[in-house]
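S.K.: What follows is a structure written as structure tokens; I'll ask about it next.
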Amino acid sequence: MFYYKSQDLLYVLCGTQTNGDHYVYGFTTAGVQKCFIIIPAASKMARVDGFYIVGSDAFIVDSQGPMHASSLGGSVYKVDWTSPCACSSGDCTTATATWSPTVTQTWTLSATATDISDGGGNDQFFRNSGIVVLGEYFYAVNGVHPVGGGLTASYPKSLLKVKMADSSIAQKWSFTGTTVGRDVDMEGLTCGPDNCATYIYVGDEYNYIYKLKLSASDPAAAVEEEWDLNSVVGTNVRADKGIESLTYASSTGYFYAGIQDTAKVHVLKLAGSTTGPSSSSGSTPGATLSTTGGTTNTPTLSGASGLFSATCAVLCLLSYLAA
């Protein structure tokens, strides 16, 4: 999910079937759908999982591209962005469009590369999920995949800063099940109010948001603040089926978090925080759930987070949680 300031729209990218058609939904920040874009299977993207727009370029994350010989094989594609629904100022001229993106550059990330070294020998693939593009770099994050029936055998998993010109790794933060005091499956990435001048925000499928200081090299020290969203998303969300994507809209000052298991976007205001991952309870008040009407409710626990899973089969049922 990505908030595109130039159009004042939230774009939700979703793949419902590996190597099948993929979809982009355009919503206002109030949750009104304005655009539905079909990316045909012929575009050969395996499992789209992240989206970002910079001017006339869009960046599409393919979490399973390197796994499928029939796909383009990349982890990130830079494509020509043509605004298929002709949108501006929160509205679109066309409600439905088909878009066959022209790929202008491809990056392929490998968990076994010496400058990444993810997966603990059990998962050779870098399953890229989120993306943030800043200047000559992009940030990518390696999501957890079940190995041997469990979710903990493929640590470490890393957040990367990648130099686009040569695919070199400029910085890496590697996480295990002990780095922040709990298991992690980091999937959503976004800048916040400072546009990543100092911090990047990471949405985790266990329904936490982490605020990471980009100048800190040690991953545990880099996570300066966290919010526990479990009381916000509800007890019906299964383990590791929570935050799938995350974005921040400067026009509202709210974070928008999508949940895989419920196919809902939560509109949240992050305020205050715990002191960091050393907090054992995670129950310090730190976020408010903002309704589209502008009133706020305080959840039992501090919280906020990301969006949708790569499977996303229920994306067509997307609804906004306004209370």
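By convention here, the chains of the structure tokens are called A, B, ... in the order presented, each chain's residues are numbered starting at 1, and ligands are numbered starting at 1 in the order presented.
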When DSSP is applied to the backbone of this structure, which of segment 92-316 of chain A are assigned strand (DSSP E or B)? Write them out as number ranges by chain.
M.R.: A: 92, 96-98, 103-107, 110, 125, 128-134, 137-142, 147, 150, 157-163, 169-175, 186-190, 199-204, 208-213, 223-228, 243-249, 254-259, 264-270, 287-290, 296-297
S.K.: What's the 12 Å shell around Phe125 of chain A, counting only C-alpha atoms, without same-chain residues fewer than 6 positions away, as number ranges by chain?
M.R.: A: 62-68, 73-75, 108-113, 116-119, 141-145, 147, 154-155, 157-158
S.K.: For the selection just defined, write its residues with N, CA and C atoms to a file, as a tab-separated table (two decimals), in the first residue's frame.
M.R.:
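Output file again_29.tsv follows:
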```
chain	number	residue	atom	x	y	z
A	62	ASP	N	8.09	-7.98	-6.15
A	62	ASP	CA	7.65	-9.33	-6.49
A	62	ASP	C	8.31	-10.29	-5.50
A	63	SER	N	7.55	-10.73	-4.49
A	63	SER	CA	8.14	-11.53	-3.41
A	63	SER	C	8.57	-12.92	-3.87
A	64	GLN	N	8.01	-13.39	-4.98
A	64	GLN	CA	8.36	-14.73	-5.45
A	64	GLN	C	8.94	-14.73	-6.86
A	65	GLY	N	9.27	-13.56	-7.38
A	65	GLY	CA	9.84	-13.48	-8.72
A	65	GLY	C	11.03	-14.40	-8.95
A	66	PRO	N	12.02	-14.40	-8.04
A	66	PRO	CA	13.20	-15.25	-8.25
A	66	PRO	C	12.92	-16.75	-8.15
A	67	MET	N	11.73	-17.12	-7.67
A	67	MET	CA	11.40	-18.53	-7.46
A	67	MET	C	10.79	-19.17	-8.70
A	68	HIS	N	10.31	-18.38	-9.66
A	68	HIS	CA	9.54	-18.92	-10.78
A	68	HIS	C	10.21	-18.59	-12.11
A	73	GLY	N	11.48	-12.84	-12.92
A	73	GLY	CA	12.60	-13.27	-12.09
A	73	GLY	C	13.16	-12.25	-11.13
A	74	GLY	N	12.52	-11.09	-11.03
A	74	GLY	CA	13.07	-10.04	-10.18
A	74	GLY	C	12.41	-9.96	-8.82
A	75	SER	N	13.08	-9.23	-7.91
A	75	SER	CA	12.52	-8.92	-6.59
A	75	SER	C	11.85	-7.55	-6.60
A	108	THR	N	17.28	-8.19	-8.47
A	108	THR	CA	17.03	-9.52	-7.91
A	108	THR	C	17.86	-9.70	-6.65
A	109	LEU	N	17.18	-9.95	-5.54
A	109	LEU	CA	17.85	-10.11	-4.25
A	109	LEU	C	17.88	-11.59	-3.88
A	110	SER	N	19.01	-12.03	-3.32
A	110	SER	CA	19.16	-13.42	-2.90
A	110	SER	C	19.53	-13.48	-1.42
A	111	ALA	N	18.80	-14.30	-0.67
A	111	ALA	CA	19.09	-14.43	0.76
A	111	ALA	C	20.48	-14.99	1.01
A	112	THR	N	21.01	-15.75	0.05
A	112	THR	CA	22.31	-16.39	0.24
A	112	THR	C	23.48	-15.53	-0.22
A	113	ALA	N	23.22	-14.35	-0.78
A	113	ALA	CA	24.30	-13.46	-1.17
A	113	ALA	C	25.14	-13.11	0.07
A	116	ILE	N	24.09	-10.30	2.25
A	116	ILE	CA	22.76	-10.39	2.87
A	116	ILE	C	22.75	-11.50	3.93
A	117	SER	N	23.04	-12.72	3.53
A	117	SER	CA	23.17	-13.87	4.45
A	117	SER	C	21.94	-14.07	5.33
A	118	ASP	N	20.79	-14.11	4.71
A	118	ASP	CA	19.54	-14.39	5.42
A	118	ASP	C	19.19	-15.88	5.32
A	119	GLY	N	18.24	-16.30	6.13
A	119	GLY	CA	17.64	-17.62	5.99
A	119	GLY	C	18.25	-18.73	6.78
A	141	VAL	N	12.48	-5.43	2.55
A	141	VAL	CA	12.43	-6.22	3.77
A	141	VAL	C	12.06	-7.66	3.43
A	142	ASN	N	12.74	-8.61	4.08
A	142	ASN	CA	12.59	-10.03	3.80
A	142	ASN	C	11.55	-10.65	4.72
A	143	GLY	N	10.41	-11.03	4.18
A	143	GLY	CA	9.35	-11.62	4.99
A	143	GLY	C	9.63	-13.07	5.35
A	144	VAL	N	9.04	-13.52	6.44
A	144	VAL	CA	9.21	-14.89	6.90
A	144	VAL	C	8.32	-15.83	6.09
A	145	HIS	N	8.84	-17.02	5.79
A	145	HIS	CA	8.07	-18.04	5.09
A	145	HIS	C	8.15	-19.33	5.90
A	147	VAL	N	8.97	-22.80	7.13
A	147	VAL	CA	9.98	-23.81	6.80
A	147	VAL	C	9.82	-24.97	7.78
A	154	SER	N	13.86	-19.82	9.57
A	154	SER	CA	14.53	-19.12	8.48
A	154	SER	C	15.18	-17.81	8.91
A	155	TYR	N	15.32	-17.59	10.22
A	155	TYR	CA	16.06	-16.42	10.68
A	155	TYR	C	17.54	-16.56	10.31
A	157	LYS	N	16.19	-12.56	9.24
A	157	LYS	CA	15.52	-11.85	8.16
A	157	LYS	C	15.91	-10.38	8.26
A	158	SER	N	16.15	-9.76	7.10
A	158	SER	CA	16.78	-8.43	7.13
A	158	SER	C	15.97	-7.35	6.43
```
S.K.: Show me, as a VMD selection string, the residues that have an atom within 8 Å of segment 40-50 of chain A when counting only C-alpha atoms, minus same-chain residues fewer than 6 positions from it.
M.R.: chain A and resid 1 13 to 15 17 to 22 59 to 65 68 70 to 73 98 to 101 128 to 131 245 309 to 310
S.K.: Write the residues of the selection above to a file with C-alpha atoms, as an mmCIF file, in the first residue's frame.
M.R.:
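Contents of the output file selection33.cif:
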```cif
data_model
loop_
_atom_site.group_PDB
_atom_site.id
_atom_site.type_symbol
_atom_site.label_atom_id
_atom_site.label_comp_id
_atom_site.auth_asym_id
_atom_site.auth_seq_id
_atom_site.Cartn_x
_atom_site.Cartn_y
_atom_site.Cartn_z
ATOM 1 C CA MET A 1 0.000 0.000 0.000
ATOM 2 C CA LEU A 13 -1.346 -3.540 -4.951
ATOM 3 C CA CYS A 14 -2.555 -7.119 -4.681
ATOM 4 C CA GLY A 15 -1.853 -10.522 -6.185
ATOM 5 C CA GLN A 17 -2.884 -15.921 -7.646
ATOM 6 C CA THR A 18 0.785 -16.680 -8.254
ATOM 7 C CA ASN A 19 1.691 -15.913 -11.888
ATOM 8 C CA GLY A 20 -1.876 -14.747 -12.477
ATOM 9 C CA ASP A 21 -3.516 -11.366 -12.931
ATOM 10 C CA HIS A 22 -2.658 -8.759 -10.311
ATOM 11 C CA PHE A 59 8.294 0.301 -8.274
ATOM 12 C CA ILE A 60 6.628 -3.093 -7.959
ATOM 13 C CA VAL A 61 7.826 -5.673 -5.442
ATOM 14 C CA ASP A 62 7.650 -9.334 -6.491
ATOM 15 C CA SER A 63 8.138 -11.527 -3.415
ATOM 16 C CA GLN A 64 8.357 -14.733 -5.450
ATOM 17 C CA GLY A 65 9.839 -13.484 -8.718
ATOM 18 C CA HIS A 68 9.543 -18.920 -10.783
ATOM 19 C CA SER A 70 8.130 -18.424 -15.923
ATOM 20 C CA SER A 71 8.195 -14.953 -14.344
ATOM 21 C CA LEU A 72 10.479 -11.986 -14.982
ATOM 22 C CA GLY A 73 12.602 -13.267 -12.093
ATOM 23 C CA THR A 98 -5.842 -2.484 -17.759
ATOM 24 C CA TRP A 99 -2.152 -1.737 -17.304
ATOM 25 C CA SER A 100 0.729 -3.707 -18.818
ATOM 26 C CA PRO A 101 3.735 -2.047 -17.193
ATOM 27 C CA ASN A 128 10.785 -9.034 -0.518
ATOM 28 C CA SER A 129 7.549 -7.596 0.831
ATOM 29 C CA GLY A 130 7.740 -3.842 1.406
ATOM 30 C CA ILE A 131 9.503 -0.997 -0.346
ATOM 31 C CA SER A 245 1.425 -3.305 4.405
ATOM 32 C CA SER A 309 -1.334 -10.562 2.417
ATOM 33 C CA ALA A 310 0.236 -11.638 -0.812
#
```
S.K.: Mind pulling up the distance from atom CA of Thr102 of chain A to atom CA of Trp81 of chain A?
M.R.: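 Separation of atom CA of Trp81 of chain A and atom CA of Thr102 of chain A: 8.5 Å.
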S.K.: From the options A:Asp240, A:Asp261, A:Asp91, A:Asp115, which residue's atoms come nearest to Ser167 of chain A, counting only C-alpha atoms?
M.R.: A:Asp115
S.K.: Would you compute the distance between atom CA of Met164 of chain A and atom CA of Trp107 of chain A? Give it in Å to one decimal.
M.R.: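 Value for the atom CA of Met164 of chain A-atom CA of Trp107 of chain A distance: 8.0 Å.
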S.K.: With only C-alpha atoms as the basis for distance, which of A:Val184, A:Ala220, A:Val103, A:Val76 is at the shortest distance from Arg127 of chain A?
M.R.: A:Val76
S.K.: Calculated over only C-alpha atoms, which of the candidates A:Val202, A:Leu246, A:Leu151, A:Ala216 has the smallest distance to Asp183 of chain A?
M.R.: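 Selected residue with least distance to Asp183 of chain A: A:Leu151.
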S.K.: If you count only C-alpha atoms, which residues fall within 12 Å of Gly192 of chain A, apart from same-chain ones fewer than 3 positions away, as an mmCIF file with N, CA and C atoms, in the first residue's frame?
M.R.:
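Output contents, as saved in result.cif:
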```
data_model
loop_
_atom_site.group_PDB
_atom_site.id
_atom_site.type_symbol
_atom_site.label_atom_id
_atom_site.label_comp_id
_atom_site.auth_asym_id
_atom_site.auth_seq_id
_atom_site.Cartn_x
_atom_site.Cartn_y
_atom_site.Cartn_z
ATOM 1 N N TYR A 3 0.706 5.680 -0.243
ATOM 2 C CA TYR A 3 -0.008 6.948 -0.380
ATOM 3 C C TYR A 3 0.744 7.818 -1.370
ATOM 4 N N VAL A 132 10.406 1.168 0.152
ATOM 5 C CA VAL A 132 10.445 2.620 0.221
ATOM 6 C C VAL A 132 11.573 3.052 -0.706
ATOM 7 N N LEU A 189 6.591 -1.357 4.856
ATOM 8 C CA LEU A 189 7.555 -0.278 5.063
ATOM 9 C C LEU A 189 6.939 1.058 4.663
ATOM 10 N N ASN A 195 9.569 11.952 6.514
ATOM 11 C CA ASN A 195 9.915 11.473 5.180
ATOM 12 C C ASN A 195 11.233 10.691 5.187
ATOM 13 N N CYS A 196 11.429 9.912 6.230
ATOM 14 C CA CYS A 196 12.597 9.040 6.385
ATOM 15 C C CYS A 196 13.911 9.809 6.530
ATOM 16 N N ALA A 197 13.833 11.058 6.963
ATOM 17 C CA ALA A 197 15.065 11.797 7.241
ATOM 18 C C ALA A 197 15.830 11.142 8.392
ATOM 19 N N THR A 198 15.100 10.611 9.363
ATOM 20 C CA THR A 198 15.714 9.962 10.523
ATOM 21 C C THR A 198 15.167 8.561 10.755
ATOM 22 N N TYR A 199 13.872 8.342 10.485
ATOM 23 C CA TYR A 199 13.226 7.084 10.845
ATOM 24 C C TYR A 199 12.500 6.447 9.669
ATOM 25 N N ILE A 200 12.414 5.109 9.708
ATOM 26 C CA ILE A 200 11.531 4.362 8.833
ATOM 27 C C ILE A 200 10.624 3.529 9.729
ATOM 28 N N TYR A 201 9.377 3.317 9.296
ATOM 29 C CA TYR A 201 8.407 2.562 10.075
ATOM 30 C C TYR A 201 8.198 1.198 9.408
ATOM 31 N N VAL A 202 8.179 0.160 10.244
ATOM 32 C CA VAL A 202 8.086 -1.212 9.744
ATOM 33 C C VAL A 202 6.855 -1.885 10.339
ATOM 34 N N ILE A 209 4.106 -2.307 15.051
ATOM 35 C CA ILE A 209 4.810 -1.339 14.209
ATOM 36 C C ILE A 209 6.075 -0.937 14.940
ATOM 37 N N TYR A 210 7.177 -0.951 14.209
ATOM 38 C CA TYR A 210 8.469 -0.570 14.773
ATOM 39 C C TYR A 210 8.968 0.700 14.100
ATOM 40 N N LYS A 211 9.442 1.607 14.910
ATOM 41 C CA LYS A 211 10.051 2.850 14.428
ATOM 42 C C LYS A 211 11.561 2.681 14.528
ATOM 43 N N LEU A 212 12.217 2.619 13.381
ATOM 44 C CA LEU A 212 13.632 2.278 13.321
ATOM 45 C C LEU A 212 14.466 3.487 12.925
ATOM 46 N N LYS A 213 15.493 3.764 13.705
ATOM 47 C CA LYS A 213 16.380 4.886 13.431
ATOM 48 C C LYS A 213 17.400 4.485 12.379
ATOM 49 N N LEU A 246 1.840 -1.045 5.004
ATOM 50 C CA LEU A 246 1.771 0.134 5.865
ATOM 51 C C LEU A 246 2.129 1.363 5.051
ATOM 52 N N THR A 247 1.366 2.451 5.254
ATOM 53 C CA THR A 247 1.725 3.705 4.614
ATOM 54 C C THR A 247 1.298 4.863 5.500
ATOM 55 N N TYR A 248 1.831 6.024 5.192
ATOM 56 C CA TYR A 248 1.533 7.248 5.949
ATOM 57 C C TYR A 248 1.084 8.314 4.966
ATOM 58 N N ALA A 249 -0.011 8.999 5.295
ATOM 59 C CA ALA A 249 -0.530 10.062 4.436
ATOM 60 C C ALA A 249 -0.258 11.415 5.074
ATOM 61 N N SER A 250 0.554 12.208 4.434
ATOM 62 C CA SER A 250 0.883 13.526 4.974
ATOM 63 C C SER A 250 -0.324 14.454 4.980
ATOM 64 N N SER A 251 -1.311 14.172 4.132
ATOM 65 C CA SER A 251 -2.489 15.043 4.064
ATOM 66 C C SER A 251 -3.384 14.896 5.289
ATOM 67 N N THR A 252 -3.315 13.752 5.947
ATOM 68 C CA THR A 252 -4.158 13.510 7.121
ATOM 69 C C THR A 252 -3.350 13.402 8.413
ATOM 70 N N GLY A 253 -2.053 13.057 8.293
ATOM 71 C CA GLY A 253 -1.242 12.809 9.472
ATOM 72 C C GLY A 253 -1.486 11.437 10.078
ATOM 73 N N TYR A 254 -2.190 10.558 9.363
ATOM 74 C CA TYR A 254 -2.513 9.227 9.858
ATOM 75 C C TYR A 254 -1.692 8.160 9.135
ATOM 76 N N PHE A 255 -1.490 7.039 9.831
ATOM 77 C CA PHE A 255 -0.938 5.838 9.224
ATOM 78 C C PHE A 255 -2.100 4.946 8.788
ATOM 79 N N TYR A 256 -1.881 4.217 7.702
ATOM 80 C CA TYR A 256 -2.897 3.317 7.163
ATOM 81 C C TYR A 256 -2.308 1.912 7.133
ATOM 82 N N LYS A 269 -3.604 6.991 14.263
ATOM 83 C CA LYS A 269 -2.715 8.076 14.641
ATOM 84 C C LYS A 269 -1.758 7.541 15.694
ATOM 85 N N LEU A 270 -0.466 7.543 15.388
ATOM 86 C CA LEU A 270 0.534 7.074 16.341
ATOM 87 C C LEU A 270 0.953 8.247 17.208
#
```
S.K.: Go through A:Tyr4, A:Tyr23, A:Tyr11, A:Tyr77 one by one, measure the shortest atom-to-atom distance of each to Ile39 of chain A using only C-alpha atoms, and give the residue with the smallest value.
M.R.: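 Among the listed residues, the smallest separation from Ile39 of chain A belongs to A:Tyr23.
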S.K.: State, in Å with one decimal place, the distance from atom CA of Thr28 of chain A to atom CA of Asp8 of chain A.
M.R.: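 Atom-to-atom, atom CA of Thr28 of chain A to atom CA of Asp8 of chain A, that is 6.9 Å.
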S.K.: Apply DSSP to the structure's backbone, then extract all residues of segment 55-288 of chain A labelled helix (DSSP H, G or I) and return them as a list of chain:residue names.
M.R.: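 Helix (DSSP H, G or I) assignments inside segment 55-288 of chain A correspond to A:Gly65, A:Pro66, A:Met67, A:Gly119, A:Gly120, A:Gly121, A:Pro219, A:Ala220, A:Ala221, A:Ala222, A:Asn230, A:Ser231, A:Val232, A:Val233.
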S.K.: Include C-alpha atoms and write out the residues we just selected as a JSON list (two decimals), in the first residue's frame.
M.R.:
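Below you can see again34.json, which holds the result:
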```
[["chain", "number", "residue", "atom", "x", "y", "z"],
["A", 65, "GLY", "CA", 9.84, -13.48, -8.72],
["A", 66, "PRO", "CA", 13.20, -15.25, -8.25],
["A", 67, "MET", "CA", 11.40, -18.53, -7.46],
["A", 119, "GLY", "CA", 17.64, -17.62, 5.99],
["A", 120, "GLY", "CA", 20.03, -19.53, 8.23],
["A", 121, "GLY", "CA", 20.68, -22.03, 5.45],
["A", 219, "PRO", "CA", 19.04, -3.56, 14.82],
["A", 220, "ALA", "CA", 18.01, -3.84, 18.47],
["A", 221, "ALA", "CA", 19.20, -0.32, 19.22],
["A", 222, "ALA", "CA", 17.72, 1.01, 15.96],
["A", 230, "ASN", "CA", -3.23, -6.63, 18.55],
["A", 231, "SER", "CA", -6.02, -5.01, 20.55],
["A", 232, "VAL", "CA", -6.89, -2.89, 17.51],
["A", 233, "VAL", "CA", -7.04, -5.66, 14.89]]
```
S.K.: Need to verify the contact set: Phe138 of chain A, 6 Å, only C-alpha atoms, exclusion of same-chain residues closer than 5 positions in sequence. Can you return it as a list in words?
M.R.: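 My list of contacting residues is Val132, Val133, Lys161 and Val162 of chain A.
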S.K.: Please produce a file of the residues just selected, as a PDB file, in the first residue's frame, where the atoms kept are C-alpha atoms.
M.R.:
```pdb
ATOM      1  CA  VAL A 132      10.445   2.620   0.221  1.00  0.00           C
ATOM      2  CA  VAL A 133      12.327   4.530  -2.506  1.00  0.00           C
ATOM      3  CA  LYS A 161      19.091  -0.346   2.046  1.00  0.00           C
ATOM      4  CA  VAL A 162      19.995  -1.071  -1.579  1.00  0.00           C
TER       5      VAL A 162
END
```
S.K.: Using only C-alpha atoms, pick whichever of A:Thr235, A:Asn207, A:Ser88, A:Thr176 has the shortest atom-to-atom distance to His266 of chain A.
M.R.: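 Result for the nearest residue to His266 of chain A: A:Asn207.
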